[in-house]
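Colleague: work_18.cif is reproduced in full below (mmCIF, C-alpha atoms).
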```cif
data_protein
#
loop_
_atom_site.group_PDB
_atom_site.id
_atom_site.type_symbol
_atom_site.label_atom_id
_atom_site.label_comp_id
_atom_site.auth_asym_id
_atom_site.auth_seq_id
_atom_site.Cartn_x
_atom_site.Cartn_y
_atom_site.Cartn_z
ATOM 1 C CA MET A 1 89.954 78.729 119.735
ATOM 2 C CA LEU A 2 89.533 78.499 115.961
ATOM 3 C CA LEU A 3 85.982 77.196 116.438
ATOM 4 C CA LEU A 4 85.092 80.172 118.643
ATOM 5 C CA PHE A 5 86.627 82.561 116.140
ATOM 6 C CA SER A 6 84.725 80.869 113.325
ATOM 7 C CA ARG A 7 81.443 81.288 115.215
ATOM 8 C CA ILE A 8 82.132 84.957 115.827
ATOM 9 C CA MET A 9 82.775 85.485 112.107
ATOM 10 C CA GLN A 10 79.559 83.608 111.204
ATOM 11 C CA TYR A 11 77.638 85.839 113.606
ATOM 12 C CA ASN A 12 79.220 88.944 112.070
ATOM 13 C CA GLN A 13 78.239 87.814 108.582
ATOM 14 C CA LYS A 14 74.688 87.044 109.680
ATOM 15 C CA LYS A 15 74.337 90.490 111.297
ATOM 16 C CA GLN A 16 76.214 92.132 108.402
ATOM 17 C CA ILE A 17 78.963 93.371 110.719
ATOM 18 C CA LYS A 18 82.091 94.170 108.740
ATOM 19 C CA ALA A 19 85.348 92.970 110.221
ATOM 20 C CA THR A 20 88.974 93.467 109.258
ATOM 21 C CA ILE A 21 92.082 91.543 110.193
ATOM 22 C CA THR A 22 95.691 92.600 110.625
ATOM 23 C CA THR A 23 98.234 89.825 110.253
ATOM 24 C CA ASN A 24 101.875 89.123 109.514
ATOM 25 C CA ALA A 25 100.516 86.571 106.972
ATOM 26 C CA THR A 26 102.949 83.841 108.018
ATOM 27 C CA GLN A 27 100.178 81.304 108.659
ATOM 28 C CA ILE A 28 98.196 81.875 105.460
ATOM 29 C CA ASN A 29 98.218 78.762 103.283
ATOM 30 C CA GLU A 30 96.161 76.965 100.623
ATOM 31 C CA GLU A 31 94.010 75.261 103.273
ATOM 32 C CA ASN A 32 92.937 78.350 105.223
ATOM 33 C CA VAL A 33 92.975 81.160 102.646
ATOM 34 C CA ASP A 34 89.200 80.830 102.026
ATOM 35 C CA PHE A 35 88.629 81.765 105.656
ATOM 36 C CA LEU A 36 89.930 85.276 104.935
ATOM 37 C CA GLY A 37 86.813 85.887 102.834
ATOM 38 C CA ALA A 38 84.962 86.617 106.079
ATOM 39 C CA PHE A 39 86.879 89.892 106.349
ATOM 40 C CA GLU A 40 86.124 93.154 104.604
ATOM 41 C CA GLN A 41 89.826 93.997 104.569
ATOM 42 C CA ILE A 42 93.070 92.115 105.216
ATOM 43 C CA THR A 43 96.000 94.224 106.383
ATOM 44 C CA ILE A 44 99.425 92.618 106.214
ATOM 45 C CA SER A 45 102.251 94.131 108.246
ATOM 46 C CA LEU A 46 105.650 94.625 106.639
ATOM 47 C CA ASP A 47 108.655 96.627 107.749
ATOM 48 C CA GLY A 48 110.310 96.984 104.377
ATOM 49 C CA PHE A 49 110.071 95.917 100.753
ATOM 50 C CA THR A 50 113.220 93.828 100.596
ATOM 51 C CA ASN A 51 114.055 90.605 102.352
ATOM 52 C CA GLU A 52 116.831 92.252 104.355
ATOM 53 C CA ASP A 53 114.839 95.349 105.404
ATOM 54 C CA ASN A 54 111.783 93.442 106.556
ATOM 55 C CA ASP A 55 113.494 90.455 108.140
ATOM 56 C CA SER A 56 115.933 92.601 110.120
ATOM 57 C CA VAL A 57 112.874 93.731 112.104
ATOM 58 C CA ARG A 58 110.393 90.857 111.818
ATOM 59 C CA GLY A 59 112.711 87.844 111.790
ATOM 60 C CA ALA A 60 114.391 85.609 109.236
ATOM 61 C CA GLY A 61 112.141 84.240 106.504
ATOM 62 C CA ILE A 62 109.120 86.458 107.190
ATOM 63 C CA PHE A 63 109.390 88.459 103.949
ATOM 64 C CA ASN A 64 109.272 85.312 101.835
ATOM 65 C CA LYS A 65 106.306 84.001 103.846
ATOM 66 C CA VAL A 66 104.430 87.246 103.179
ATOM 67 C CA LYS A 67 105.158 87.016 99.456
ATOM 68 C CA ARG A 68 104.034 83.377 99.475
ATOM 69 C CA ALA A 69 100.785 84.348 101.240
ATOM 70 C CA LEU A 70 100.170 87.107 98.695
ATOM 71 C CA SER A 71 100.733 84.622 95.855
ATOM 72 C CA ILE A 72 98.213 82.214 97.419
ATOM 73 C CA ILE A 73 95.625 84.961 97.889
ATOM 74 C CA GLU A 74 96.254 86.200 94.361
ATOM 75 C CA LEU A 75 95.799 82.722 92.913
ATOM 76 C CA LYS A 76 92.673 81.747 94.841
ATOM 77 C CA HIS A 77 90.996 85.067 95.714
ATOM 78 C CA PRO A 78 92.307 88.097 93.792
ATOM 79 C CA GLU A 79 89.089 89.897 94.802
ATOM 80 C CA TYR A 80 90.151 90.078 98.457
ATOM 81 C CA LYS A 81 91.045 93.585 99.628
ATOM 82 C CA VAL A 82 94.603 93.392 100.927
ATOM 83 C CA TYR A 83 96.530 96.393 102.209
ATOM 84 C CA LEU A 84 100.207 96.418 103.135
ATOM 85 C CA ASN A 85 100.943 98.371 106.313
ATOM 86 C CA CYS A 86 104.622 99.309 106.410
ATOM 87 C CA THR A 87 106.445 101.033 109.251
ATOM 88 C CA MET A 88 109.639 102.224 107.681
ATOM 89 C CA SER A 89 113.098 102.218 109.228
ATOM 90 C CA LYS A 90 115.785 104.474 107.762
ATOM 91 C CA LYS A 91 117.173 101.617 105.659
ATOM 92 C CA ALA A 92 113.716 100.600 104.436
ATOM 93 C CA LEU A 93 113.034 104.186 103.341
ATOM 94 C CA ASP A 94 116.138 103.968 101.159
ATOM 95 C CA ASN A 95 114.450 101.062 99.313
ATOM 96 C CA LEU A 96 110.975 102.577 98.992
ATOM 97 C CA GLU A 97 111.065 102.114 95.203
ATOM 98 C CA LYS A 98 110.816 98.355 95.782
ATOM 99 C CA SER A 99 107.254 98.866 97.053
ATOM 100 C CA LEU A 100 106.154 99.286 93.448
ATOM 101 C CA GLU A 101 106.876 95.592 92.842
ATOM 102 C CA PHE A 102 103.823 94.761 94.963
ATOM 103 C CA ALA A 103 101.604 96.382 92.322
ATOM 104 C CA LYS A 104 101.697 93.078 90.426
ATOM 105 C CA TYR A 105 99.321 91.578 92.974
ATOM 106 C CA LYS A 106 95.721 92.409 92.031
ATOM 107 C CA CYS A 107 94.620 91.641 95.578
ATOM 108 C CA VAL A 108 96.830 94.425 97.004
ATOM 109 C CA LYS A 109 94.562 97.460 96.921
ATOM 110 C CA GLY A 110 96.919 99.881 98.641
ATOM 111 C CA ILE A 111 100.137 100.442 100.538
ATOM 112 C CA ILE A 112 100.408 102.419 103.748
ATOM 113 C CA ILE A 113 103.849 103.924 104.447
ATOM 114 C CA ASN A 114 104.214 104.875 108.118
ATOM 115 C CA HIS A 115 106.687 107.042 109.935
ATOM 116 C CA PRO A 116 107.071 105.150 113.216
ATOM 117 C CA LEU A 117 106.019 106.335 116.622
ATOM 118 C CA ILE A 118 109.044 105.743 118.794
ATOM 119 C CA ILE A 119 107.140 104.113 121.637
ATOM 120 C CA GLY A 120 106.972 100.596 123.063
ATOM 121 C CA ASN A 121 109.426 98.160 121.451
ATOM 122 C CA ALA A 122 110.584 100.827 119.009
ATOM 123 C CA LYS A 123 112.342 102.617 121.889
ATOM 124 C CA LYS A 124 114.615 99.589 122.257
ATOM 125 C CA GLN A 125 116.056 100.019 118.757
ATOM 126 C CA ASP A 126 119.324 101.813 118.128
ATOM 127 C CA GLU A 127 118.705 105.516 117.426
ATOM 128 C CA LYS A 128 120.255 105.079 113.971
ATOM 129 C CA PHE A 129 117.557 102.542 113.103
ATOM 130 C CA TRP A 130 114.760 105.143 112.922
ATOM 131 C CA GLU A 131 115.049 108.396 111.098
ATOM 132 C CA SER A 132 113.788 111.915 111.731
ATOM 133 C CA SER A 133 110.472 113.199 110.419
ATOM 134 C CA ARG A 134 112.406 115.449 108.064
ATOM 135 C CA TYR A 135 114.324 112.521 106.524
ATOM 136 C CA TYR A 136 111.066 110.560 106.219
ATOM 137 C CA LEU A 137 109.385 113.453 104.409
ATOM 138 C CA GLU A 138 112.403 113.969 102.130
ATOM 139 C CA LYS A 139 112.297 110.302 101.098
ATOM 140 C CA ILE A 140 108.536 110.455 100.490
ATOM 141 C CA ILE A 141 108.964 113.610 98.384
ATOM 142 C CA SER A 142 111.706 111.974 96.307
ATOM 143 C CA PHE A 143 109.546 108.869 95.865
ATOM 144 C CA CYS A 144 106.561 111.004 94.810
ATOM 145 C CA ASP A 145 108.672 113.069 92.399
ATOM 146 C CA ASN A 146 109.762 109.883 90.624
ATOM 147 C CA ASN A 147 106.492 107.907 90.741
ATOM 148 C CA LEU A 148 103.553 110.297 91.061
ATOM 149 C CA ASP A 149 101.274 108.618 88.492
ATOM 150 C CA LYS A 150 101.816 105.184 90.018
ATOM 151 C CA ILE A 151 101.258 106.505 93.533
ATOM 152 C CA LYS A 152 97.968 108.184 92.634
ATOM 153 C CA ASN A 153 96.718 105.157 90.689
ATOM 154 C CA TYR A 154 97.875 102.580 93.177
ATOM 155 C CA ASN A 155 96.405 104.009 96.397
ATOM 156 C CA TYR A 156 99.483 104.814 98.436
ATOM 157 C CA ASN A 157 98.792 106.281 101.852
ATOM 158 C CA PHE A 158 101.502 108.086 103.805
ATOM 159 C CA SER A 159 101.151 108.649 107.537
ATOM 160 C CA GLY A 160 103.053 111.230 109.510
ATOM 161 C CA SER A 161 102.686 114.765 110.795
ATOM 162 C CA SER A 162 99.911 117.199 109.881
ATOM 163 C CA MET A 163 102.510 119.450 108.240
ATOM 164 C CA SER A 164 103.594 116.582 105.984
ATOM 165 C CA SER A 165 99.955 115.995 105.084
ATOM 166 C CA TRP A 166 99.474 119.607 104.087
ATOM 167 C CA TYR A 167 102.675 119.606 102.027
ATOM 168 C CA LEU A 168 101.860 116.404 100.117
ATOM 169 C CA GLN A 169 98.367 117.667 99.355
ATOM 170 C CA TYR A 170 99.690 121.061 98.250
ATOM 171 C CA LYS A 171 102.598 119.810 96.131
ATOM 172 C CA TYR A 172 101.131 116.634 94.624
ATOM 173 C CA GLY A 173 97.406 116.690 95.230
ATOM 174 C CA ILE A 174 97.755 113.475 97.259
ATOM 175 C CA LYS A 175 94.770 113.315 99.545
ATOM 176 C CA ASN A 176 95.107 109.742 100.719
ATOM 177 C CA TYR A 177 97.280 110.743 103.654
ATOM 178 C CA ALA A 178 96.516 109.965 107.294
ATOM 179 C CA PRO A 179 97.860 112.218 110.043
ATOM 180 C CA GLN A 180 99.789 110.114 112.494
ATOM 181 C CA PHE A 181 98.177 111.626 115.592
ATOM 182 C CA GLU A 182 94.474 111.544 114.800
ATOM 183 C CA TYR A 183 93.555 109.819 118.050
ATOM 184 C CA CYS A 184 94.112 110.454 121.739
ATOM 185 C CA MET A 185 97.714 109.656 122.644
ATOM 186 C CA ALA A 186 97.043 109.557 126.404
ATOM 187 C CA SER A 187 98.641 106.545 128.091
ATOM 188 C CA CYS A 188 100.641 105.595 124.974
ATOM 189 C CA PHE A 189 103.965 106.443 126.565
#
```
I'd like the structure from this file rewritten - as structure tokens, please.
Modeller:
Amino acid sequence: MLLLFSRIMQYNQKKQIKATITTNATQINEENVDFLGAFEQITISLDGFTNEDNDSVRGAGIFNKVKRALSIIELKHPEYKVYLNCTMSKKALDNLEKSLEFAKYKCVKGIIINHPLIIGNAKKQDEKFWESSRYYLEKIISFCDNNLDKIKNYNYNFSGSSMSSWYLQYKYGIKNYAPQFEYCMASCF
């Protein structure tokens, strides 16, 4: 399988086709980190910026594996474009300030903070696990009030409703905001 994947990536490079990868980063190590250079962008999924917040969703030890992978990328290839894609539970939103600690990694070019769509596996979670759009927006506003310069300089991207997008642009001038429903939602439920 790895050989086939390698051939596909070689073909993409030859034809100048840009590819991205989304990963939980648990398998990134010193031996295979060079392989990531075939990708235009590397997106790493997190569900919180503390060990407890992330691992309560993703499984024990995942947070530390992600941090280890980031350290390896940073050491060997700080030029790689890594983005952290974070779907935030209520508890994780309470620790949003911890996201700023990832600014130390030069390879991390941005952080995407998502309000979850309550579909698929998310429906199986306790209702108290996810929070309302209003709570999400209140936490984002508080975070922006306290860290606006860092947010603008560090390429934060917040996803959610169109109304939230308008408000963040109006209040803070934050334009790196993706509406959550910018694609057809047919058959997603």
Colleague: Which stretch 32-109 of chain A residues have any atom within 9 Å of an atom of stretch 13-20 of chain A, and for each, what is the nearest pair of atoms with distance in Å to one decimal, counting only C-alpha atoms, rows sorted by chain and number, as a Markdown table?
Modeller:
```
| residue | atom | partner | partner_atom | distance |
| --- | --- | --- | --- | --- |
| A:Ala38 | CA | A:Gln13 | CA | 7.3 |
| A:Phe39 | CA | A:Thr20 | CA | 5.1 |
| A:Glu40 | CA | A:Thr20 | CA | 5.5 |
| A:Gln41 | CA | A:Thr20 | CA | 4.8 |
| A:Ile42 | CA | A:Thr20 | CA | 5.9 |
| A:Thr43 | CA | A:Thr20 | CA | 7.6 |
```
Colleague: To one decimal place, how far is atom CA of A:Lys139 from atom CA of A:Leu93 in Å?
Modeller: 6.6 Å
Colleague: Can you measure atom CA of A:Asp55 to atom CA of A:Lys104 for me? One decimal in Å is fine.
Modeller: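 That distance, rounded to one decimal, is 21.4 Å.
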Colleague: Could you tell me which of A:Asn24, A:Gln169, A:Asn85, A:Ser164 comes closest to A:Gly59 if we count all atoms listed in the file?
Modeller: A:Asn24
Colleague: Could you expand the PyMOL selection byres ((chain A and resi 58) around 12) into the explicit residues it covers here, written as a list of chain:residue names?
Modeller: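 Expected selection for the PyMOL selection byres ((chain A and resi 58) around 12) here is A:Asn24, A:Ala25, A:Thr26, A:Ser45, A:Leu46, A:Asp47, A:Gly48, A:Thr50, A:Asn51, A:Glu52, A:Asp53, A:Asn54, A:Asp55, A:Ser56, A:Val57, A:Gly59, A:Ala60, A:Gly61, A:Ile62, A:Phe63, A:Asn64, A:Lys65, A:Val66, A:Cys86, A:Thr87, A:Ser89.
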Colleague: For the selection just defined, write its residues with C-alpha atoms to a file, as a PDB file, keeping the file's coordinate frame.
Modeller:
```pdb
ATOM      1  CA  ASN A  24     101.875  89.123 109.514  1.00  0.00           C
ATOM      2  CA  ALA A  25     100.516  86.571 106.972  1.00  0.00           C
ATOM      3  CA  THR A  26     102.949  83.841 108.018  1.00  0.00           C
ATOM      4  CA  SER A  45     102.251  94.131 108.246  1.00  0.00           C
ATOM      5  CA  LEU A  46     105.650  94.625 106.639  1.00  0.00           C
ATOM      6  CA  ASP A  47     108.655  96.627 107.749  1.00  0.00           C
ATOM      7  CA  GLY A  48     110.310  96.984 104.377  1.00  0.00           C
ATOM      8  CA  THR A  50     113.220  93.828 100.596  1.00  0.00           C
ATOM      9  CA  ASN A  51     114.055  90.605 102.352  1.00  0.00           C
ATOM     10  CA  GLU A  52     116.831  92.252 104.355  1.00  0.00           C
ATOM     11  CA  ASP A  53     114.839  95.349 105.404  1.00  0.00           C
ATOM     12  CA  ASN A  54     111.783  93.442 106.556  1.00  0.00           C
ATOM     13  CA  ASP A  55     113.494  90.455 108.140  1.00  0.00           C
ATOM     14  CA  SER A  56     115.933  92.601 110.120  1.00  0.00           C
ATOM     15  CA  VAL A  57     112.874  93.731 112.104  1.00  0.00           C
ATOM     16  CA  GLY A  59     112.711  87.844 111.790  1.00  0.00           C
ATOM     17  CA  ALA A  60     114.391  85.609 109.236  1.00  0.00           C
ATOM     18  CA  GLY A  61     112.141  84.240 106.504  1.00  0.00           C
ATOM     19  CA  ILE A  62     109.120  86.458 107.190  1.00  0.00           C
ATOM     20  CA  PHE A  63     109.390  88.459 103.949  1.00  0.00           C
ATOM     21  CA  ASN A  64     109.272  85.312 101.835  1.00  0.00           C
ATOM     22  CA  LYS A  65     106.306  84.001 103.846  1.00  0.00           C
ATOM     23  CA  VAL A  66     104.430  87.246 103.179  1.00  0.00           C
ATOM     24  CA  CYS A  86     104.622  99.309 106.410  1.00  0.00           C
ATOM     25  CA  THR A  87     106.445 101.033 109.251  1.00  0.00           C
ATOM     26  CA  SER A  89     113.098 102.218 109.228  1.00  0.00           C
TER      27      SER A  89
END
```
Colleague: Leaving out A:Phe49 and any residue of its chain fewer than 6 positions from it, which residues lie within 8 Å of it when counting only C-alpha atoms, given as a VMD selection string?
Modeller: chain A and resid 92 95 to 96 98 to 99
Colleague: Go ahead and compute the interatomic distance for atom CA of A:Ala69 and atom CA of A:Phe158, in Å to one decimal.
Modeller: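 Calculated distance between atom CA of A:Ala69 and atom CA of A:Phe158 is 23.9 Å.
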Colleague: Find the residues near A:Ile141: any atom within 10 Å, counting all atoms listed in the file, skip ones fewer than 3 places away on the same chain, and give them as number ranges by chain.
Modeller: A: 135-138, 144-148, 164, 167-168, 171-172
